[in-house]
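Visitor: Please see the structure below; I have some questions.
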Amino acid sequence: MAKKLWGTRFGKKTSSLTDKFTSSIAFDKRLALYDVLGSIAHAKMLGKQGIVPKPDAALMVKGLNVIMRDLKSGKFKFDLSAEDIHSNIQEALFKKIGQAAFKLHTARSRNDQIALDVKMYIKDEIDNLAGFIAELQKAILKLAQKNSKVIIPGYTHLQVAQCVLLAHHLLAYIEGLERDKQRLQDAKNRLDTLPLGACAFSGTGLAIDRNFVAKKLGFKNVTANSIDSVSDRDFIIEALADLAILSVHLSRMAEDLILWSTKEFSFIDIDFSFCTGSSIMPHKKNPDILELIRGSVGKIQGDLSSVLILMKGLPSSYNRDLQLDKPPLFDAVDTVKDILEIFIALFENVAVKKEEIAGRLSDESLFSVDIVEYLIKKGVSYREAHDIVGKMVRDCLDKGKKISGLSSFELKKYSAKLEPDVKKILNAWVSVNLKQSFGGTSPKLVVGQMHKWQQRLK
Ligand code: ARG
């Protein structure tokens with residue numbers, strides 16, 4: 001068992017129950033590499049500043065580099081009886097270089113050390129996540145480009161509303177994901193300050209050089225207040241909040257695809273390799289992956305709540321409660337990465353059922369707004385136009401008629417401004433072509449947007 005970093009003052013062994021209950025090595029071992037990288041920079045600084053003799057610093061750096069290599073190759077044996085990853089690395093270093101290892105913890109506390117490790121972890125993971133998000137955006141863009149001429153009936157309140165290009169709908173996902181990427185980048189920029197050197201919480205009397213360490217570890221700056229450095233976990237909460245928002249987007253996308261893959265919608269077909277079957281109903285082809293994506297999002301939101309509640313009510317400075325911020329953070333990062341990975345693959349396995357979708361576009365209620373706007377262009381007020389079209393739609397539904405089947409005489413009964421040419425706009429292509437306001441679904445605009453994303457995601 002690794003020696004406790006604080007054992008001497010106790011003069012007595014802690015209960016095995018205490019050890020088990022307080023240990024965090026089971027989960028913080030994944031911070032090992034960051035812990036070692038932080039220690040290497042710290043040891044170099046101690047040597048440079050003459051706080052420890054240069055040969056000792058060099059020995060520590062050498063030993064830590066060996067540990068780093070062992071970690072990377074999987075050779076490093078974690079000591080699961082250690083209190084935490086810091087004690088484990090410290091002990092491993094002692095085994096490699098002997099007494100000199102005891103100088104490593106000079107002008108440092110686990111309080112600032114853990115804040116450093118987690119910040120380094122989040123910075124790396126944000127880069128990884130940004131890569132995954134970009135890949136997902138590309139997969140979505142590909143599907144949009146492949147089906148750039150497909151018009152779908154769009155829905156509001158899950159009721160048939162107006163025609164839109166499928167590509168337009170898909171590009172909406174890409175917009176949201178872009179903001180998710182930016183939010184994570186913002187979080188990264190904000191947390192990019194080195195907490196090491198705060199020590200327990202008040203700083204140190206030893207002549208450390210924090211800027212040197214920051215530079216070595218790639219931090220833009222150093223934290224300006226030692227108490228803040230060890231107290232706050234707002235950077236974890238912010239990253240989790242960003243992941244929670246991203247996950248809401250992922251859940252909505254999953255829900256859309258689940259609906260679209262039903263027999264009732266029949267907009268898409270998901271390849272068998274990304275579906276599952278039923279043990280009792282032989283005909284079933286279920287979108288379980290999408291359902292699990294939707295379901296996992298609850299877990300991610302729980303992770304955010306978990307850390308918010310953990311932090312609420314803590315006094316300033318370090319409290320051991322803070323140890324519990326890591327499992328939810330790791331869980332959210334892992335879950336989001338798993339979702340992104342499978343979503344990318346799934347999007348590549350979606351086939352659009354063009355004929356079935358085309359069959360839905362004869363529903364003339366899809367064009368009611370276009371008729372309203374036709375009348376507005378002829379000088380009818382919005383209110384009056386809405387009433388005219390409302391009456392026409394109601395009559396057609398009551399009498400089982402179609403607007404396209406109304407005679408010029410019948411049209412004139414609703415409004416003198418309704419000429420037979422109104423029937424020309426009862427067409428999906430005409431309808432989408434009309435939506436030329438910037439951000440709208442006209443093919444010209446959508447093609448432009450696809451081109452923009454093609455360039456941006458390169
Ligand atoms: N395992 C602790 C954490 O995750 C490390 C810091 C412990 N500090 C202390 N003084 N006990 O936050």
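Chain labels run A, B, ... following the order of the structure tokens; each chain numbers its residues from 1, and ligands are numbered from 1 in the order shown.
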What does the list of residues within 8 Å of ligand 1 look like if you count only C-alpha atoms and all ligand atoms, written as a PyMOL selection string?
Guide: chain A and resi 23-25+28+83-86+109-115+200+318-326
Visitor: Would you export the selected residues with N, CA, C and O atoms as an mmCIF file, in the first residue's frame, please?
Guide:
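Once everything was written out, this is out.cif:
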```cif
data_model
loop_
_atom_site.group_PDB
_atom_site.id
_atom_site.type_symbol
_atom_site.label_atom_id
_atom_site.label_comp_id
_atom_site.auth_asym_id
_atom_site.auth_seq_id
_atom_site.Cartn_x
_atom_site.Cartn_y
_atom_site.Cartn_z
ATOM 1 N N SER A 23 -10.965 6.753 -0.432
ATOM 2 C CA SER A 23 -10.101 6.566 -1.609
ATOM 3 C C SER A 23 -10.773 7.019 -2.912
ATOM 4 O O SER A 23 -11.975 6.850 -3.113
ATOM 5 N N SER A 24 -9.956 7.590 -3.785
ATOM 6 C CA SER A 24 -10.494 8.015 -5.090
ATOM 7 C C SER A 24 -9.706 7.409 -6.245
ATOM 8 O O SER A 24 -9.974 7.700 -7.409
ATOM 9 N N ILE A 25 -8.718 6.572 -5.913
ATOM 10 C CA ILE A 25 -7.846 6.051 -6.964
ATOM 11 C C ILE A 25 -8.629 5.311 -8.051
ATOM 12 O O ILE A 25 -8.278 5.366 -9.236
ATOM 13 N N ASP A 28 -9.810 8.432 -10.100
ATOM 14 C CA ASP A 28 -8.889 9.498 -10.527
ATOM 15 C C ASP A 28 -7.626 8.949 -11.180
ATOM 16 O O ASP A 28 -6.777 9.697 -11.646
ATOM 17 N N GLU A 83 -4.418 6.135 -1.706
ATOM 18 C CA GLU A 83 -5.548 7.024 -1.408
ATOM 19 C C GLU A 83 -6.063 7.697 -2.689
ATOM 20 O O GLU A 83 -7.259 7.827 -2.911
ATOM 21 N N ASP A 84 -5.113 8.123 -3.496
ATOM 22 C CA ASP A 84 -5.510 8.786 -4.734
ATOM 23 C C ASP A 84 -4.365 8.706 -5.745
ATOM 24 O O ASP A 84 -3.293 8.175 -5.436
ATOM 25 N N ILE A 85 -4.581 9.249 -6.912
ATOM 26 C CA ILE A 85 -3.574 9.151 -7.967
ATOM 27 C C ILE A 85 -2.288 9.896 -7.576
ATOM 28 O O ILE A 85 -1.183 9.475 -7.921
ATOM 29 N N HIS A 86 -2.436 10.972 -6.814
ATOM 30 C CA HIS A 86 -1.245 11.742 -6.412
ATOM 31 C C HIS A 86 -0.329 10.892 -5.530
ATOM 32 O O HIS A 86 0.878 10.855 -5.715
ATOM 33 N N SER A 109 0.239 21.298 -2.991
ATOM 34 C CA SER A 109 -0.715 20.551 -2.186
ATOM 35 C C SER A 109 -1.539 19.725 -3.148
ATOM 36 O O SER A 109 -1.597 20.022 -4.347
ATOM 37 N N ARG A 110 -2.177 18.703 -2.624
ATOM 38 C CA ARG A 110 -3.056 17.972 -3.543
ATOM 39 C C ARG A 110 -4.248 18.843 -3.953
ATOM 40 O O ARG A 110 -4.912 18.573 -4.937
ATOM 41 N N ASN A 111 -4.493 19.879 -3.161
ATOM 42 C CA ASN A 111 -5.640 20.741 -3.486
ATOM 43 C C ASN A 111 -5.443 21.489 -4.802
ATOM 44 O O ASN A 111 -6.355 21.575 -5.618
ATOM 45 N N ASP A 112 -4.246 22.041 -4.978
ATOM 46 C CA ASP A 112 -3.999 22.715 -6.264
ATOM 47 C C ASP A 112 -3.648 21.701 -7.342
ATOM 48 O O ASP A 112 -3.935 21.892 -8.527
ATOM 49 N N GLN A 113 -3.079 20.568 -6.908
ATOM 50 C CA GLN A 113 -2.687 19.536 -7.868
ATOM 51 C C GLN A 113 -3.910 18.936 -8.568
ATOM 52 O O GLN A 113 -3.904 18.756 -9.797
ATOM 53 N N ILE A 114 -4.944 18.663 -7.802
ATOM 54 C CA ILE A 114 -6.123 18.035 -8.420
ATOM 55 C C ILE A 114 -6.835 19.031 -9.347
ATOM 56 O O ILE A 114 -7.320 18.656 -10.412
ATOM 57 N N ALA A 115 -6.844 20.298 -8.923
ATOM 58 C CA ALA A 115 -7.478 21.309 -9.795
ATOM 59 C C ALA A 115 -6.727 21.368 -11.123
ATOM 60 O O ALA A 115 -7.331 21.466 -12.200
ATOM 61 N N ALA A 200 -2.145 24.742 -0.566
ATOM 62 C CA ALA A 200 -3.365 24.308 0.126
ATOM 63 C C ALA A 200 -4.513 25.264 -0.185
ATOM 64 O O ALA A 200 -5.595 24.860 -0.557
ATOM 65 N N TYR A 318 -10.703 24.482 -0.155
ATOM 66 C CA TYR A 318 -10.857 23.073 -0.523
ATOM 67 C C TYR A 318 -11.677 22.307 0.513
ATOM 68 O O TYR A 318 -11.478 22.460 1.718
ATOM 69 N N ASN A 319 -12.597 21.512 0.040
ATOM 70 C CA ASN A 319 -13.354 20.576 0.871
ATOM 71 C C ASN A 319 -13.355 19.239 0.150
ATOM 72 O O ASN A 319 -13.404 19.188 -1.078
ATOM 73 N N ARG A 320 -13.328 18.173 0.926
ATOM 74 C CA ARG A 320 -13.164 16.858 0.306
ATOM 75 C C ARG A 320 -14.340 16.484 -0.592
ATOM 76 O O ARG A 320 -14.222 15.613 -1.460
ATOM 77 N N ASP A 321 -15.465 17.132 -0.354
ATOM 78 C CA ASP A 321 -16.614 16.902 -1.253
ATOM 79 C C ASP A 321 -16.177 17.009 -2.716
ATOM 80 O O ASP A 321 -16.720 16.337 -3.591
ATOM 81 N N LEU A 322 -15.192 17.896 -2.948
ATOM 82 C CA LEU A 322 -14.786 18.187 -4.324
ATOM 83 C C LEU A 322 -14.257 16.949 -5.055
ATOM 84 O O LEU A 322 -14.220 16.912 -6.276
ATOM 85 N N GLN A 323 -13.846 15.956 -4.266
ATOM 86 C CA GLN A 323 -13.391 14.712 -4.880
ATOM 87 C C GLN A 323 -14.492 14.105 -5.750
ATOM 88 O O GLN A 323 -14.225 13.424 -6.730
ATOM 89 N N LEU A 324 -15.731 14.376 -5.366
ATOM 90 C CA LEU A 324 -16.864 13.720 -6.021
ATOM 91 C C LEU A 324 -17.282 14.416 -7.320
ATOM 92 O O LEU A 324 -18.273 14.039 -7.941
ATOM 93 N N ASP A 325 -16.545 15.442 -7.701
ATOM 94 C CA ASP A 325 -16.883 16.109 -8.974
ATOM 95 C C ASP A 325 -16.441 15.281 -10.180
ATOM 96 O O ASP A 325 -16.928 15.475 -11.287
ATOM 97 N N LYS A 326 -15.503 14.349 -9.935
ATOM 98 C CA LYS A 326 -14.902 13.669 -11.087
ATOM 99 C C LYS A 326 -15.766 12.585 -11.729
ATOM 100 O O LYS A 326 -15.892 12.568 -12.971
#
```
Visitor: If you count only C-alpha atoms, which residues fall within 12 Å of stretch 362-365 of chain A, apart from same-chain ones fewer than 4 positions away, as a PyMOL selection string?
Guide: chain A and resi 151-155+159-163+356-358+369-372+389-390+392-394+396-397+401-405+423-429+431
Visitor: Just want the 8 Å neighbourhood of stretch 87-90 of chain A, counted on only C-alpha atoms, with same-chain residues fewer than 3 positions away dropped. Output as a PDB file with N, CA and C atoms, in the first residue's frame.
Guide:
```
ATOM      1  N   ALA A   2       0.473   2.231  -0.799  1.00  0.00           N
ATOM      2  CA  ALA A   2       1.243   3.472  -0.868  1.00  0.00           C
ATOM      3  C   ALA A   2       1.214   4.160   0.492  1.00  0.00           C
ATOM      4  N   LYS A   3       2.363   4.752   0.841  1.00  0.00           N
ATOM      5  CA  LYS A   3       2.450   5.444   2.118  1.00  0.00           C
ATOM      6  C   LYS A   3       1.569   6.689   2.045  1.00  0.00           C
ATOM      7  N   LYS A   4       0.874   6.964   3.149  1.00  0.00           N
ATOM      8  CA  LYS A   4       0.029   8.166   3.161  1.00  0.00           C
ATOM      9  C   LYS A   4       0.918   9.406   3.131  1.00  0.00           C
ATOM     10  N   LEU A   5       0.462  10.418   2.429  1.00  0.00           N
ATOM     11  CA  LEU A   5       1.248  11.647   2.328  1.00  0.00           C
ATOM     12  C   LEU A   5       1.204  12.424   3.645  1.00  0.00           C
ATOM     13  N   ALA A  32      -3.839  10.139 -14.365  1.00  0.00           N
ATOM     14  CA  ALA A  32      -2.430   9.856 -14.085  1.00  0.00           C
ATOM     15  C   ALA A  32      -1.464  10.636 -14.974  1.00  0.00           C
ATOM     16  N   ASP A  35      -1.279  14.170 -14.060  1.00  0.00           N
ATOM     17  CA  ASP A  35      -0.609  14.307 -12.775  1.00  0.00           C
ATOM     18  C   ASP A  35       0.910  14.279 -12.968  1.00  0.00           C
ATOM     19  N   VAL A  36       1.353  13.365 -13.832  1.00  0.00           N
ATOM     20  CA  VAL A  36       2.797  13.246 -14.080  1.00  0.00           C
ATOM     21  C   VAL A  36       3.309  14.461 -14.857  1.00  0.00           C
ATOM     22  N   PHE A  78      -1.135   0.335 -11.376  1.00  0.00           N
ATOM     23  CA  PHE A  78      -1.802   1.209 -10.402  1.00  0.00           C
ATOM     24  C   PHE A  78      -1.920   0.480  -9.067  1.00  0.00           C
ATOM     25  N   ASP A  79      -1.738   1.232  -8.007  1.00  0.00           N
ATOM     26  CA  ASP A  79      -1.883   0.664  -6.669  1.00  0.00           C
ATOM     27  C   ASP A  79      -3.271   1.058  -6.158  1.00  0.00           C
ATOM     28  N   ALA A  82      -3.887   2.764  -2.892  1.00  0.00           N
ATOM     29  CA  ALA A  82      -3.433   4.144  -2.642  1.00  0.00           C
ATOM     30  C   ALA A  82      -4.652   5.033  -2.412  1.00  0.00           C
ATOM     31  N   GLU A  83      -4.418   6.135  -1.706  1.00  0.00           N
ATOM     32  CA  GLU A  83      -5.548   7.024  -1.408  1.00  0.00           C
ATOM     33  C   GLU A  83      -6.063   7.697  -2.689  1.00  0.00           C
ATOM     34  N   ASP A  84      -5.113   8.123  -3.496  1.00  0.00           N
ATOM     35  CA  ASP A  84      -5.510   8.786  -4.734  1.00  0.00           C
ATOM     36  C   ASP A  84      -4.365   8.706  -5.745  1.00  0.00           C
ATOM     37  N   LEU A  93       7.275   7.057  -7.813  1.00  0.00           N
ATOM     38  CA  LEU A  93       8.515   7.811  -8.030  1.00  0.00           C
ATOM     39  C   LEU A  93       9.555   7.443  -6.968  1.00  0.00           C
ATOM     40  N   PHE A  94       9.082   7.288  -5.736  1.00  0.00           N
ATOM     41  CA  PHE A  94       9.995   6.900  -4.647  1.00  0.00           C
ATOM     42  C   PHE A  94      10.644   5.563  -4.985  1.00  0.00           C
ATOM     43  N   ALA A 101      12.567  11.698  -4.307  1.00  0.00           N
ATOM     44  CA  ALA A 101      11.140  11.793  -4.656  1.00  0.00           C
ATOM     45  C   ALA A 101      10.371  12.606  -3.621  1.00  0.00           C
ATOM     46  N   PHE A 102      10.875  12.615  -2.401  1.00  0.00           N
ATOM     47  CA  PHE A 102      10.143  13.305  -1.335  1.00  0.00           C
ATOM     48  C   PHE A 102      10.185  14.823  -1.481  1.00  0.00           C
ATOM     49  N   LEU A 104       9.394  16.316  -4.261  1.00  0.00           N
ATOM     50  CA  LEU A 104       8.466  16.713  -5.321  1.00  0.00           C
ATOM     51  C   LEU A 104       7.290  17.535  -4.803  1.00  0.00           C
TER      52      LEU A 104
END
```
Visitor: I'd like the neighbourhood of A:Asp232 as a PyMOL selection string, where a residue qualifies if any of its atoms comes within 10 Å (using only C-alpha atoms), though same-chain residues fewer than 4 positions away should be ignored.
Guide: chain A and resi 115+227-228+236-237+311+314+316-318+322
Visitor: Find the residues near A:Glu291: any atom within 10 Å, counting only C-alpha atoms, skip ones fewer than 2 places away on the same chain, and give them as a PyMOL selection string.
Guide: chain A and resi 251+254-255+257-258+286-289+293-296
Visitor: With N, CA, C and O atoms retained, write the just-selected residues as a PDB file, in the first residue's frame.
Guide:
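Here's the written file part_2.pdb:
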```pdb
ATOM      1  N   SER A 251     -30.253  14.533 -28.508  1.00  0.00           N
ATOM      2  CA  SER A 251     -31.498  13.848 -28.195  1.00  0.00           C
ATOM      3  C   SER A 251     -32.591  14.224 -29.193  1.00  0.00           C
ATOM      4  O   SER A 251     -33.366  13.381 -29.654  1.00  0.00           O
ATOM      5  N   ALA A 254     -31.962  12.455 -32.394  1.00  0.00           N
ATOM      6  CA  ALA A 254     -32.338  11.043 -32.265  1.00  0.00           C
ATOM      7  C   ALA A 254     -33.851  10.895 -32.367  1.00  0.00           C
ATOM      8  O   ALA A 254     -34.357  10.009 -33.059  1.00  0.00           O
ATOM      9  N   GLU A 255     -34.563  11.781 -31.706  1.00  0.00           N
ATOM     10  CA  GLU A 255     -36.024  11.712 -31.710  1.00  0.00           C
ATOM     11  C   GLU A 255     -36.573  11.923 -33.127  1.00  0.00           C
ATOM     12  O   GLU A 255     -37.474  11.213 -33.561  1.00  0.00           O
ATOM     13  N   LEU A 257     -35.092  11.242 -35.934  1.00  0.00           N
ATOM     14  CA  LEU A 257     -34.797  10.059 -36.752  1.00  0.00           C
ATOM     15  C   LEU A 257     -35.668   8.869 -36.344  1.00  0.00           C
ATOM     16  O   LEU A 257     -36.062   8.055 -37.185  1.00  0.00           O
ATOM     17  N   ILE A 258     -35.967   8.781 -35.055  1.00  0.00           N
ATOM     18  CA  ILE A 258     -36.856   7.699 -34.595  1.00  0.00           C
ATOM     19  C   ILE A 258     -38.220   7.861 -35.275  1.00  0.00           C
ATOM     20  O   ILE A 258     -38.763   6.921 -35.851  1.00  0.00           O
ATOM     21  N   ASN A 286     -35.943  -2.314 -34.911  1.00  0.00           N
ATOM     22  CA  ASN A 286     -36.084  -1.220 -33.944  1.00  0.00           C
ATOM     23  C   ASN A 286     -34.897  -0.259 -33.938  1.00  0.00           C
ATOM     24  O   ASN A 286     -33.760  -0.683 -34.098  1.00  0.00           O
ATOM     25  N   PRO A 287     -35.179   1.023 -33.701  1.00  0.00           N
ATOM     26  CA  PRO A 287     -34.089   2.016 -33.668  1.00  0.00           C
ATOM     27  C   PRO A 287     -33.498   2.144 -32.264  1.00  0.00           C
ATOM     28  O   PRO A 287     -33.439   3.227 -31.687  1.00  0.00           O
ATOM     29  N   ASP A 288     -33.044   1.025 -31.704  1.00  0.00           N
ATOM     30  CA  ASP A 288     -32.583   1.030 -30.305  1.00  0.00           C
ATOM     31  C   ASP A 288     -31.412   1.984 -30.056  1.00  0.00           C
ATOM     32  O   ASP A 288     -31.299   2.569 -28.979  1.00  0.00           O
ATOM     33  N   ILE A 289     -30.550   2.109 -31.048  1.00  0.00           N
ATOM     34  CA  ILE A 289     -29.390   2.985 -30.848  1.00  0.00           C
ATOM     35  C   ILE A 289     -29.877   4.408 -30.565  1.00  0.00           C
ATOM     36  O   ILE A 289     -29.442   5.061 -29.609  1.00  0.00           O
ATOM     37  N   ILE A 293     -29.474   6.679 -27.275  1.00  0.00           N
ATOM     38  CA  ILE A 293     -28.898   8.030 -27.311  1.00  0.00           C
ATOM     39  C   ILE A 293     -29.824   8.960 -26.540  1.00  0.00           C
ATOM     40  O   ILE A 293     -29.403   9.680 -25.624  1.00  0.00           O
ATOM     41  N   ARG A 294     -31.103   8.924 -26.889  1.00  0.00           N
ATOM     42  CA  ARG A 294     -32.092   9.779 -26.222  1.00  0.00           C
ATOM     43  C   ARG A 294     -32.079   9.508 -24.716  1.00  0.00           C
ATOM     44  O   ARG A 294     -32.115  10.426 -23.906  1.00  0.00           O
ATOM     45  N   GLY A 295     -32.003   8.243 -24.359  1.00  0.00           N
ATOM     46  CA  GLY A 295     -32.009   7.878 -22.939  1.00  0.00           C
ATOM     47  C   GLY A 295     -30.754   8.320 -22.209  1.00  0.00           C
ATOM     48  O   GLY A 295     -30.828   8.810 -21.075  1.00  0.00           O
ATOM     49  N   SER A 296     -29.609   8.175 -22.850  1.00  0.00           N
ATOM     50  CA  SER A 296     -28.341   8.531 -22.188  1.00  0.00           C
ATOM     51  C   SER A 296     -28.264  10.011 -21.858  1.00  0.00           C
ATOM     52  O   SER A 296     -27.516  10.429 -20.974  1.00  0.00           O
TER      53      SER A 296
END
```
Visitor: Let's see if you can do this: from backbone DSSP, list all strand (DSSP E) residues in stretch 43-254 of chain A, as number ranges by chain.
Guide: A: 151-156, 159-165, 193-194, 221-222
Visitor: Mind dumping the selected residues with C-alpha atoms as a PDB file, in the first residue's frame?
Guide:
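And here's out10.pdb as it stands now:
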```
ATOM      1  CA  ILE A 151     -38.573  18.164 -50.041  1.00  0.00           C
ATOM      2  CA  ILE A 152     -40.296  16.951 -46.894  1.00  0.00           C
ATOM      3  CA  PRO A 153     -43.480  18.047 -45.224  1.00  0.00           C
ATOM      4  CA  GLY A 154     -42.214  19.972 -42.202  1.00  0.00           C
ATOM      5  CA  TYR A 155     -43.959  19.785 -38.853  1.00  0.00           C
ATOM      6  CA  THR A 156     -44.761  22.114 -36.002  1.00  0.00           C
ATOM      7  CA  GLN A 159     -48.679  18.413 -37.132  1.00  0.00           C
ATOM      8  CA  VAL A 160     -48.080  18.808 -40.858  1.00  0.00           C
ATOM      9  CA  ALA A 161     -47.059  22.428 -41.433  1.00  0.00           C
ATOM     10  CA  GLN A 162     -45.153  23.546 -44.550  1.00  0.00           C
ATOM     11  CA  CYS A 163     -42.744  22.161 -47.113  1.00  0.00           C
ATOM     12  CA  VAL A 164     -39.039  22.413 -46.410  1.00  0.00           C
ATOM     13  CA  LEU A 165     -35.975  20.919 -47.980  1.00  0.00           C
ATOM     14  CA  THR A 193      -5.395  29.379 -16.082  1.00  0.00           C
ATOM     15  CA  LEU A 194      -2.913  27.402 -14.017  1.00  0.00           C
ATOM     16  CA  ASN A 221      -2.223  32.392 -17.663  1.00  0.00           C
ATOM     17  CA  VAL A 222      -2.022  31.694 -13.948  1.00  0.00           C
TER      18      VAL A 222
END
```
Visitor: Using only C-alpha atoms, which of A:Asp209, A:Arg30, A:Phe219, A:Ala134 sits nearest A:Lys72?
Guide: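 Among the listed residues, A:Arg30 lies closest to A:Lys72.
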Visitor: Extract, using only C-alpha atoms, all DNA, RNA and protein residues at most 8 Å from stretch 241-243 of chain A, discarding same-chain residues fewer than 5 positions from it, and format them as a list of chain:residue names.
Guide: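 In the requested format, the answer is A:Asp180, A:Arg183, A:Leu184, A:Ile300, A:Leu304, A:Ala332, A:Val333, A:Val336.
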Visitor: Write a file of the selected residues as a PDB file, in the first residue's frame, keeping N, CA, C and O atoms.
Guide:
```pdb
ATOM      1  N   ASP A 180     -22.487  24.407 -30.103  1.00  0.00           N
ATOM      2  CA  ASP A 180     -21.982  23.531 -29.035  1.00  0.00           C
ATOM      3  C   ASP A 180     -20.461  23.535 -29.017  1.00  0.00           C
ATOM      4  O   ASP A 180     -19.835  23.595 -27.959  1.00  0.00           O
ATOM      5  N   ARG A 183     -19.308  26.838 -27.651  1.00  0.00           N
ATOM      6  CA  ARG A 183     -19.497  26.925 -26.193  1.00  0.00           C
ATOM      7  C   ARG A 183     -18.371  26.191 -25.481  1.00  0.00           C
ATOM      8  O   ARG A 183     -17.813  26.691 -24.498  1.00  0.00           O
ATOM      9  N   LEU A 184     -18.038  25.013 -25.968  1.00  0.00           N
ATOM     10  CA  LEU A 184     -16.966  24.244 -25.329  1.00  0.00           C
ATOM     11  C   LEU A 184     -15.638  24.993 -25.446  1.00  0.00           C
ATOM     12  O   LEU A 184     -14.839  25.019 -24.510  1.00  0.00           O
ATOM     13  N   ILE A 300     -26.540  12.463 -18.711  1.00  0.00           N
ATOM     14  CA  ILE A 300     -25.632  13.611 -18.832  1.00  0.00           C
ATOM     15  C   ILE A 300     -26.204  14.808 -18.066  1.00  0.00           C
ATOM     16  O   ILE A 300     -25.491  15.525 -17.366  1.00  0.00           O
ATOM     17  N   LEU A 304     -24.634  16.941 -14.673  1.00  0.00           N
ATOM     18  CA  LEU A 304     -24.565  18.387 -14.419  1.00  0.00           C
ATOM     19  C   LEU A 304     -25.235  18.713 -13.080  1.00  0.00           C
ATOM     20  O   LEU A 304     -24.650  19.408 -12.239  1.00  0.00           O
ATOM     21  N   ALA A 332     -20.026  12.062 -18.085  1.00  0.00           N
ATOM     22  CA  ALA A 332     -20.619  12.896 -19.141  1.00  0.00           C
ATOM     23  C   ALA A 332     -19.720  12.909 -20.374  1.00  0.00           C
ATOM     24  O   ALA A 332     -20.200  12.756 -21.506  1.00  0.00           O
ATOM     25  N   VAL A 333     -18.424  13.076 -20.165  1.00  0.00           N
ATOM     26  CA  VAL A 333     -17.499  13.112 -21.313  1.00  0.00           C
ATOM     27  C   VAL A 333     -17.541  11.779 -22.072  1.00  0.00           C
ATOM     28  O   VAL A 333     -17.662  11.748 -23.296  1.00  0.00           O
ATOM     29  N   VAL A 336     -20.990  11.314 -23.892  1.00  0.00           N
ATOM     30  CA  VAL A 336     -21.134  12.160 -25.089  1.00  0.00           C
ATOM     31  C   VAL A 336     -20.238  11.626 -26.215  1.00  0.00           C
ATOM     32  O   VAL A 336     -20.665  11.553 -27.371  1.00  0.00           O
TER      33      VAL A 336
END
```
Visitor: Between A:Val446, A:Leu329, A:Ala41, A:Ala385, which is the closest to A:Asn433 once you count only C-alpha atoms?
Guide: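 Selected residue with least distance to A:Asn433: A:Val446.
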Visitor: Could you pull the residues within 8 Å of A:Lys123, counting only C-alpha atoms, minus those fewer than 4 positions along the same chain, as an MDAnalysis selection string?
Guide: chainID A and resid 119 127 188 192
Visitor: In Å, rounded to a single decimal, give me how far atom CA of A:Met45 is from atom CA of A:Leu31.
Guide: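 Spanning atom CA of A:Leu31 to atom CA of A:Met45 is a straight-line distance of 21.2 Å.
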Visitor: Rounded to one decimal in Å, what is the spacing between atom CA of A:Thr8 and atom CA of A:Ile67?
Guide: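 Between these atoms lies a distance of 26.1 Å.
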Visitor: Using only C-alpha atoms, can you tell me which of A:Val52, A:Phe235, A:Thr14, A:Val150 comes closest to A:Ile268?
Guide: A:Val150
Visitor: What's the separation between atom CA of A:Leu250 and atom CA of A:Leu292, in Å to one decimal place?
Guide: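 Calculated distance between atom CA of A:Leu250 and atom CA of A:Leu292 is 11.1 Å.
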Visitor: Select, from A:Arg69, A:His105, A:Lys142, A:Arg190, the residue with the minimum atom-to-atom distance to A:Leu170, counting only C-alpha atoms.
Guide: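 Closest to A:Leu170 of all the choices is A:Lys142.
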Visitor: Run DSSP on the backbone of this structure and report the residues of stretch 316-411 of chain A it assigns to alpha helix (DSSP H), as a ChimeraX atom specification.
Guide: /A:326-347,354-359,368-377,382-399,408-411
Visitor: Identify which of the residues A:Tyr374, A:Phe212, A:Trp453, A:Phe409 lies closest to A:Gly47, counting only C-alpha atoms when measuring atom-to-atom distances.
Guide: A:Phe212
